[in-house]
Amino acid sequence: MTNAPVKKVPIHLQSSQNRLLIKNGKVVNDDGMEDLDVYIEDGIIKQVGRNLIIPGGTRTIDATGKLVMPGGIDPHTHLELEMMGAKTADDFYKGTRAAVAGGTTTVIDFVLPQKNQSLLEAYSNWRQLADGKVCCDYGLHVGVTWWSPSVKKEMQQLTTEQYGVNSFKMFMAYKDAWMLDDYDLSCAIETCAELKALPMVHAENGHIIARNTEKLLAAGVTGPEGHQLSRDEEVEGEAVNRACVIANQARSPLYIVHMMSKSAVRMLQLARTRQRQPLFGETLAATVGSDGSQYRNSCFRHAAAHVLSPPLRPDPSTPQAMCEALADDHLQLIGSDNCTFLEKDKELGKDNFSKIPNGVNGVEDRMAILWQKAVNTGIMDPCRFVAVTSSTAAKIFNIWPQKGRVAVNSDADIVVWDPRLERTISAATHKQAVDFNIFEGQQVVGSPQFVIVGGRVCLDDGELRVAEGFGKFLKTPTNSPAVFGGEAGAAEPQPELLHLHMPHKVTNGTPSPDFGNMNKSMEGLSVSGCSTPTGRKMREPGQRDLQTSTFSISKEVEGLDTKTSVRVRNPPGGKSSGLW
């Protein structure tokens with residue numbers, strides 16, 4: 001064996017595979033936007049600014065007229081999950097491939113142990129399923145589906161550096177399967193508070209659902225419409241309130257997953273008036289992109305394909321209301337709850353709605369659906385879009401600014417978003433493995449043109465080029481500053497709990513450009529009208545709704561007033577007073 005030094009390859013002869021420049025785009029973060037170039041090397045953002053000095057041989061992407069945003073973070077997926085006698089169509093390869101196609105570059109999946117199964121064993125099983133398949137980085141929440149002193153001990157172990165888990169999910173529904181009673185739920189939430197981990201709750205009253213199901217089946221209601229009838233808004237709202245009370249008694253923050261109704265959001269708002277710990281609310285792409293009228297479709301395949309829990313709501317005003325809740329910070333994040341089952345699996349409940357495997361698609365279309373429903377309609381601006389699809393999740397789960405931000409030293413997980421790209425969503429063309437798409441036939445204006453994952457161009461001008469196993473497991477440290485306050489585990493301070501978003505500066509080694517002019521009019525776009533970062537735009541009197549009008553986003557420019565990029569706003573947990 002020789003100790004001869006490795007010959008250094010001159011920089012101008014090195015491959016440009018690991019070096020990338022995104023030029024002429026508008027960088028959008030959760031606290032503002034500005035025309036800036038982004039230079040990437042070895043999977044990391046190395047420079048952000050203008051007139052960058054870069055090595056020769058670097059590949060250049062021209063992002064003129066495009067938005068350069070942090071890759072999406074989907075905080076709620078179920079890939080390769082077995083439940084209700086079936087296994088999801090999307091495994092960790094197909095599911096993350098679809099995620100990347102839609103602009104999502106990180107997913108956080110759920111380890112769901114069976115009753116009396118070791119949490120560590122279940123965690124190990126999920127890691128084995130995912131590690132060799134994922135096309136993008138992924139993290140794990142762990143479900144607490146039963147309670148004992150051994151469960152508490154394993155929760156403590158899972159939060160160590162060895163395992164890297166900072167969030168645990170408890171179910172108030174799925175009686176006789178994953179559901180905890182209030183005593184065990186209290187114990188689990190108290191343990192989370194002790195560990196500085198975030199408790200997450202599926203909030204529905206499982207006992208009422210079980211009784212309603214019995215009554216409906218006895219009355220001859222067996223079709224998918226019975227699913228929604230067995231668990232209406234009140235059943236969700238009650239559980240949201242109860243979960244918040246239990247968390248308050250434990251002096252713990254709380255994250256409520258897949259909030260599906262206006263009643264649930266009202267209960268969350270009410271709880272915020274009486275407790276100090278942050279309360280985070282998540283909704284879904286399905287909630288803003290569909291509604292409960294689907295359950296009465298005469299085609300079983302169609303109706304059953306929309307079955308998830310909590311269900312879509314029949315109130316037709318719900319989708320817009322949930323978009324507004326996201327814009328106003330009554331809700332903080334949007335996930336997909338991607339849990340897809342093939343038609344043959346859904347047919348397990350052909351004669352009994354309670355046996356239909358629960359779950360819908362969304363990991364691929366989450367970002368485009370929200371853009372269409374909330375940005376193109378003027379409900380939220382691009383900065384808030386970045387917050388609810390990426391940055392807030394990164395902060396809550398303590399992976400910010402490594403993820404969720406376009407800045408020097410952040411991971412090169414980036415979406416070059418074309419706000420004028422028109423397409424029609426369809427199961428015939430989507431990348432997911434499932435044979436149905438709940439957004440079938442919906443036209444969206446705005447989708448990713450390029451998606452960069454860890455510095456690798458995985459969606460290249462619309463062509464998907466993912467690599468199986470390219471993604472890595474992402475450890476999520478406990479004691480997240482956005483949840484518990486204190487010092488950030490990340491490289492720079494996080495001001496969320498001060499309720500103030502200071503302007504961030506980016507640099508390429510030269511004096512940092514001032515972000516005071518970040519909010520100038522987006523050239524060729526009229527998607528915002530709100531020049532304050534992370535804000536929402538209210539439509540002016542007489543202004544048309546872009547969702548229903550023939551307005552072309554590529555043909556008009558609205559003048560935007562320039563304001564400071566510092567804005568006092570609500571913390572990620574929302575306001576502490578006021579009802580929505």
# chains A, B, ... in the order shown; residues from 1 in each chain; ligands from 1
$ residues_around --residues "Gly335 (chain A)" --least-positions-apart "5" --cutoff "6 Å" --atoms "only C-alpha atoms" --output "mmCIF file with all heavy atoms, in the first residue's frame"
data_model
loop_
_atom_site.group_PDB
_atom_site.id
_atom_site.type_symbol
_atom_site.label_atom_id
_atom_site.label_comp_id
_atom_site.auth_asym_id
_atom_site.auth_seq_id
_atom_site.Cartn_x
_atom_site.Cartn_y
_atom_site.Cartn_z
ATOM 1 N N ASP A 74 -43.040 18.021 3.701
ATOM 2 C CA ASP A 74 -44.352 17.441 4.003
ATOM 3 C C ASP A 74 -44.253 16.786 5.373
ATOM 4 O O ASP A 74 -43.596 15.753 5.534
ATOM 5 C CB ASP A 74 -44.727 16.405 2.935
ATOM 6 C CG ASP A 74 -46.172 15.937 3.067
ATOM 7 O OD1 ASP A 74 -46.744 16.067 4.167
ATOM 8 O OD2 ASP A 74 -46.722 15.431 2.065
ATOM 9 N N PRO A 75 -44.916 17.363 6.381
ATOM 10 C CA PRO A 75 -44.753 16.857 7.747
ATOM 11 C C PRO A 75 -45.612 15.642 8.060
ATOM 12 O O PRO A 75 -45.619 15.173 9.194
ATOM 13 C CB PRO A 75 -45.197 18.056 8.597
ATOM 14 C CG PRO A 75 -46.252 18.719 7.760
ATOM 15 C CD PRO A 75 -45.796 18.541 6.322
ATOM 16 N N HIS A 76 -46.334 15.133 7.040
ATOM 17 C CA HIS A 76 -47.321 14.086 7.358
ATOM 18 C C HIS A 76 -47.496 13.144 6.177
ATOM 19 O O HIS A 76 -48.280 13.402 5.264
ATOM 20 C CB HIS A 76 -48.661 14.753 7.707
ATOM 21 C CG HIS A 76 -49.647 13.819 8.331
ATOM 22 N ND1 HIS A 76 -50.588 14.250 9.233
ATOM 23 C CD2 HIS A 76 -49.868 12.487 8.190
ATOM 24 C CE1 HIS A 76 -51.333 13.232 9.616
ATOM 25 N NE2 HIS A 76 -50.909 12.137 8.991
ATOM 26 N N LEU A 284 -54.574 19.760 5.417
ATOM 27 C CA LEU A 284 -54.100 18.907 4.334
ATOM 28 C C LEU A 284 -54.414 19.485 2.967
ATOM 29 O O LEU A 284 -55.361 20.268 2.809
ATOM 30 C CB LEU A 284 -54.741 17.519 4.424
ATOM 31 C CG LEU A 284 -54.600 16.754 5.730
ATOM 32 C CD1 LEU A 284 -55.308 15.407 5.621
ATOM 33 C CD2 LEU A 284 -53.131 16.565 6.100
#
$ residues_around --residues "Ser390 (chain A)" --least-positions-apart "2" --cutoff "12 Å" --atoms "only C-alpha atoms" --output "VMD selection string"
chain A and resid 28 to 30 69 to 75 103 to 108 332 to 335 366 to 367 382 to 388 392 to 397 399 to 406 413 to 415
$ atom_distance --atom1 "CA of Asp35 (chain A)" --atom2 "CA of Ile61 (chain A)"
14.5 Å
$ closest_residue --among "A:Leu158, A:Val453, A:Leu21, A:Val111" --to "Leu140 (chain A)" --atoms "only C-alpha atoms"
A:Val111
$ select_by_dssp --residues "region 290-500 of chain A" --states "strand (DSSP E)" --output "short mmCIF file (atom, residue, chain, number, x, y, z; two decimals) with C-alpha atoms, in the first residue's frame"
data_model
loop_
_atom_site.label_atom_id
_atom_site.label_comp_id
_atom_site.auth_asym_id
_atom_site.auth_seq_id
_atom_site.Cartn_x
_atom_site.Cartn_y
_atom_site.Cartn_z
CA LEU A 333 -48.77 24.04 8.16
CA ILE A 334 -50.16 22.00 5.31
CA GLY A 335 -49.30 18.33 4.92
CA ILE A 414 -34.61 24.07 -3.82
CA VAL A 415 -37.63 24.44 -6.07
CA VAL A 416 -37.55 26.65 -9.14
CA TRP A 417 -41.26 27.40 -9.35
CA ASP A 418 -42.91 28.52 -12.57
CA PRO A 419 -46.02 30.52 -11.59
CA ARG A 420 -47.29 30.41 -15.17
CA LEU A 421 -46.94 26.68 -15.80
CA GLU A 422 -50.38 25.26 -16.54
CA ARG A 423 -51.24 21.60 -16.17
CA THR A 424 -54.17 19.32 -15.42
CA GLN A 443 -56.31 22.68 -13.62
CA VAL A 444 -53.49 24.38 -11.76
CA VAL A 445 -51.39 27.35 -12.79
CA GLY A 446 -48.05 27.18 -11.02
CA SER A 447 -45.81 24.13 -10.58
CA PRO A 448 -42.12 23.27 -10.24
CA GLN A 449 -39.92 23.43 -13.32
CA PHE A 450 -36.73 22.34 -11.56
CA VAL A 451 -36.36 20.56 -8.22
CA ILE A 452 -32.93 20.28 -6.63
CA VAL A 453 -32.47 17.67 -3.89
CA ARG A 456 -28.77 17.17 -7.47
CA VAL A 457 -31.21 18.28 -10.18
CA CYS A 458 -33.95 15.68 -9.77
CA LEU A 459 -36.68 17.45 -11.76
CA ASP A 460 -34.91 18.86 -14.78
CA GLU A 463 -38.15 15.62 -16.58
CA LEU A 464 -38.00 13.51 -13.42
CA LEU A 500 -40.68 39.27 15.37
#
$ atom_distance --atom1 "CA of Phe470 (chain A)" --atom2 "CA of Ala130 (chain A)"
11.0 Å
$ select_by_dssp --residues "region 92-146 of chain A" --states "helix (DSSP H, G or I)" --output "count of residues only"
22
$ atom_distance --atom1 "CA of Val483 (chain A)" --atom2 "CA of Met322 (chain A)"
22.7 Å
$ closest_atom_pairs --of "region 143-210 of chain A" --to "region 352-358 of chain A" --cutoff "12 Å" --atoms "only C-alpha atoms" --output "Markdown table"
| residue | atom | partner | partner_atom | distance |
| --- | --- | --- | --- | --- |
| A:Tyr174 | CA | A:Ser354 | CA | 10.4 |
| A:Lys175 | CA | A:Ser354 | CA | 11.7 |
| A:Ile209 | CA | A:Ser354 | CA | 9.9 |
| A:Ala210 | CA | A:Ser354 | CA | 9.3 |
$ residues_around --residues "Met260 (chain A)" --least-positions-apart "3" --cutoff "10 Å" --atoms "only C-alpha atoms" --output "ChimeraX atom specification"
/A:233,236-237,257,263-265,282-284,286-288,291,309-313,318-319,322
$ write_last_selection --atoms "C-alpha atoms" --output "short mmCIF file (atom, residue, chain, number, x, y, z; two decimals), in the first residue's frame"
data_model
loop_
_atom_site.label_atom_id
_atom_site.label_comp_id
_atom_site.auth_asym_id
_atom_site.auth_seq_id
_atom_site.Cartn_x
_atom_site.Cartn_y
_atom_site.Cartn_z
CA GLU A 233 -67.39 18.30 12.65
CA GLU A 236 -63.57 16.51 15.64
CA GLY A 237 -64.07 19.82 17.44
CA VAL A 257 -52.54 16.82 12.74
CA SER A 263 -65.23 23.72 13.97
CA ALA A 264 -61.81 22.24 14.73
CA VAL A 265 -60.06 25.52 13.95
CA GLU A 282 -51.93 21.32 10.42
CA THR A 283 -54.37 20.90 7.55
CA LEU A 284 -54.10 18.91 4.33
CA ALA A 286 -57.14 17.23 0.46
CA THR A 287 -58.93 19.70 2.74
CA VAL A 288 -58.28 22.70 0.50
CA ASP A 291 -64.82 18.43 -0.10
CA SER A 309 -60.04 10.39 8.79
CA PRO A 310 -61.10 12.93 9.80
CA PRO A 311 -63.23 13.02 6.64
CA LEU A 312 -63.65 15.73 4.07
CA ARG A 313 -66.44 18.05 5.13
CA THR A 318 -64.53 24.65 4.13
CA PRO A 319 -61.73 24.63 1.51
CA MET A 322 -58.96 26.52 5.58
#
$ closest_residue --among "A:Cys339, A:Cys136, A:Leu331, A:Leu326" --to "Ala305 (chain A)" --atoms "only C-alpha atoms"
A:Cys339
$ closest_residue --among "A:Ala325, A:Ala482, A:Gly292, A:Phe473" --to "Gln162 (chain A)" --atoms "only C-alpha atoms"
A:Phe473
$ decode --residues "region 232-255 of chain A" --atoms "N, CA, C and O atoms" --output "PDB file, in the first residue's frame"
ATOM      1  N   ASP A 232     -68.778  13.611  12.333  1.00  0.00           N
ATOM      2  CA  ASP A 232     -68.992  14.953  11.803  1.00  0.00           C
ATOM      3  C   ASP A 232     -68.090  15.975  12.500  1.00  0.00           C
ATOM      4  O   ASP A 232     -67.254  15.627  13.335  1.00  0.00           O
ATOM      5  N   GLU A 233     -68.266  17.233  12.141  1.00  0.00           N
ATOM      6  CA  GLU A 233     -67.386  18.301  12.653  1.00  0.00           C
ATOM      7  C   GLU A 233     -67.365  18.361  14.174  1.00  0.00           C
ATOM      8  O   GLU A 233     -66.336  18.617  14.788  1.00  0.00           O
ATOM      9  N   GLU A 234     -68.524  18.161  14.794  1.00  0.00           N
ATOM     10  CA  GLU A 234     -68.602  18.264  16.247  1.00  0.00           C
ATOM     11  C   GLU A 234     -67.700  17.228  16.922  1.00  0.00           C
ATOM     12  O   GLU A 234     -67.076  17.500  17.951  1.00  0.00           O
ATOM     13  N   VAL A 235     -67.636  16.041  16.312  1.00  0.00           N
ATOM     14  CA  VAL A 235     -66.818  14.962  16.863  1.00  0.00           C
ATOM     15  C   VAL A 235     -65.331  15.328  16.795  1.00  0.00           C
ATOM     16  O   VAL A 235     -64.556  14.996  17.694  1.00  0.00           O
ATOM     17  N   GLU A 236     -64.945  16.029  15.747  1.00  0.00           N
ATOM     18  CA  GLU A 236     -63.570  16.512  15.637  1.00  0.00           C
ATOM     19  C   GLU A 236     -63.324  17.680  16.584  1.00  0.00           C
ATOM     20  O   GLU A 236     -62.308  17.713  17.303  1.00  0.00           O
ATOM     21  N   GLY A 237     -64.250  18.638  16.602  1.00  0.00           N
ATOM     22  CA  GLY A 237     -64.068  19.822  17.435  1.00  0.00           C
ATOM     23  C   GLY A 237     -63.958  19.478  18.910  1.00  0.00           C
ATOM     24  O   GLY A 237     -63.130  20.048  19.638  1.00  0.00           O
ATOM     25  N   GLU A 238     -64.783  18.547  19.369  1.00  0.00           N
ATOM     26  CA  GLU A 238     -64.729  18.138  20.784  1.00  0.00           C
ATOM     27  C   GLU A 238     -63.360  17.592  21.136  1.00  0.00           C
ATOM     28  O   GLU A 238     -62.795  17.908  22.187  1.00  0.00           O
ATOM     29  N   ALA A 239     -62.823  16.754  20.252  1.00  0.00           N
ATOM     30  CA  ALA A 239     -61.528  16.134  20.532  1.00  0.00           C
ATOM     31  C   ALA A 239     -60.395  17.158  20.491  1.00  0.00           C
ATOM     32  O   ALA A 239     -59.438  17.059  21.268  1.00  0.00           O
ATOM     33  N   VAL A 240     -60.478  18.130  19.587  1.00  0.00           N
ATOM     34  CA  VAL A 240     -59.476  19.204  19.565  1.00  0.00           C
ATOM     35  C   VAL A 240     -59.473  19.929  20.905  1.00  0.00           C
ATOM     36  O   VAL A 240     -58.412  20.157  21.507  1.00  0.00           O
ATOM     37  N   ASN A 241     -60.648  20.277  21.393  1.00  0.00           N
ATOM     38  CA  ASN A 241     -60.742  20.973  22.675  1.00  0.00           C
ATOM     39  C   ASN A 241     -60.168  20.115  23.803  1.00  0.00           C
ATOM     40  O   ASN A 241     -59.392  20.589  24.637  1.00  0.00           O
ATOM     41  N   ARG A 242     -60.535  18.852  23.830  1.00  0.00           N
ATOM     42  CA  ARG A 242     -60.077  17.946  24.904  1.00  0.00           C
ATOM     43  C   ARG A 242     -58.562  17.763  24.846  1.00  0.00           C
ATOM     44  O   ARG A 242     -57.891  17.764  25.888  1.00  0.00           O
ATOM     45  N   ALA A 243     -58.023  17.608  23.651  1.00  0.00           N
ATOM     46  CA  ALA A 243     -56.569  17.459  23.515  1.00  0.00           C
ATOM     47  C   ALA A 243     -55.840  18.696  24.033  1.00  0.00           C
ATOM     48  O   ALA A 243     -54.803  18.588  24.703  1.00  0.00           O
ATOM     49  N   CYS A 244     -56.386  19.865  23.730  1.00  0.00           N
ATOM     50  CA  CYS A 244     -55.762  21.115  24.190  1.00  0.00           C
ATOM     51  C   CYS A 244     -55.827  21.233  25.711  1.00  0.00           C
ATOM     52  O   CYS A 244     -54.870  21.698  26.344  1.00  0.00           O
ATOM     53  N   VAL A 245     -56.938  20.810  26.302  1.00  0.00           N
ATOM     54  CA  VAL A 245     -57.067  20.837  27.766  1.00  0.00           C
ATOM     55  C   VAL A 245     -56.035  19.904  28.399  1.00  0.00           C
ATOM     56  O   VAL A 245     -55.353  20.272  29.373  1.00  0.00           O
ATOM     57  N   ILE A 246     -55.914  18.704  27.855  1.00  0.00           N
ATOM     58  CA  ILE A 246     -54.947  17.750  28.400  1.00  0.00           C
ATOM     59  C   ILE A 246     -53.532  18.291  28.272  1.00  0.00           C
ATOM     60  O   ILE A 246     -52.724  18.199  29.215  1.00  0.00           O
ATOM     61  N   ALA A 247     -53.205  18.882  27.125  1.00  0.00           N
ATOM     62  CA  ALA A 247     -51.876  19.470  26.942  1.00  0.00           C
ATOM     63  C   ALA A 247     -51.645  20.618  27.911  1.00  0.00           C
ATOM     64  O   ALA A 247     -50.546  20.770  28.463  1.00  0.00           O
ATOM     65  N   ASN A 248     -52.674  21.411  28.136  1.00  0.00           N
ATOM     66  CA  ASN A 248     -52.545  22.540  29.062  1.00  0.00           C
ATOM     67  C   ASN A 248     -52.294  22.049  30.484  1.00  0.00           C
ATOM     68  O   ASN A 248     -51.483  22.620  31.221  1.00  0.00           O
ATOM     69  N   GLN A 249     -52.990  20.981  30.865  1.00  0.00           N
ATOM     70  CA  GLN A 249     -52.775  20.410  32.198  1.00  0.00           C
ATOM     71  C   GLN A 249     -51.353  19.884  32.342  1.00  0.00           C
ATOM     72  O   GLN A 249     -50.781  19.915  33.438  1.00  0.00           O
ATOM     73  N   ALA A 250     -50.802  19.411  31.247  1.00  0.00           N
ATOM     74  CA  ALA A 250     -49.432  18.888  31.267  1.00  0.00           C
ATOM     75  C   ALA A 250     -48.394  19.977  31.034  1.00  0.00           C
ATOM     76  O   ALA A 250     -47.197  19.691  30.991  1.00  0.00           O
ATOM     77  N   ARG A 251     -48.857  21.221  30.843  1.00  0.00           N
ATOM     78  CA  ARG A 251     -47.970  22.341  30.518  1.00  0.00           C
ATOM     79  C   ARG A 251     -47.107  21.996  29.301  1.00  0.00           C
ATOM     80  O   ARG A 251     -45.895  22.220  29.294  1.00  0.00           O
ATOM     81  N   SER A 252     -47.760  21.484  28.291  1.00  0.00           N
ATOM     82  CA  SER A 252     -47.047  21.035  27.105  1.00  0.00           C
ATOM     83  C   SER A 252     -47.570  21.746  25.871  1.00  0.00           C
ATOM     84  O   SER A 252     -48.755  22.033  25.759  1.00  0.00           O
ATOM     85  N   PRO A 253     -46.689  22.007  24.892  1.00  0.00           N
ATOM     86  CA  PRO A 253     -47.172  22.427  23.578  1.00  0.00           C
ATOM     87  C   PRO A 253     -47.900  21.249  22.928  1.00  0.00           C
ATOM     88  O   PRO A 253     -47.848  20.117  23.415  1.00  0.00           O
ATOM     89  N   LEU A 254     -48.571  21.521  21.815  1.00  0.00           N
ATOM     90  CA  LEU A 254     -49.331  20.468  21.144  1.00  0.00           C
ATOM     91  C   LEU A 254     -49.418  20.772  19.664  1.00  0.00           C
ATOM     92  O   LEU A 254     -49.561  21.923  19.257  1.00  0.00           O
ATOM     93  N   TYR A 255     -49.342  19.712  18.872  1.00  0.00           N
ATOM     94  CA  TYR A 255     -49.468  19.792  17.411  1.00  0.00           C
ATOM     95  C   TYR A 255     -50.640  18.902  17.032  1.00  0.00           C
ATOM     96  O   TYR A 255     -50.640  17.699  17.316  1.00  0.00           O
TER      97      TYR A 255
END
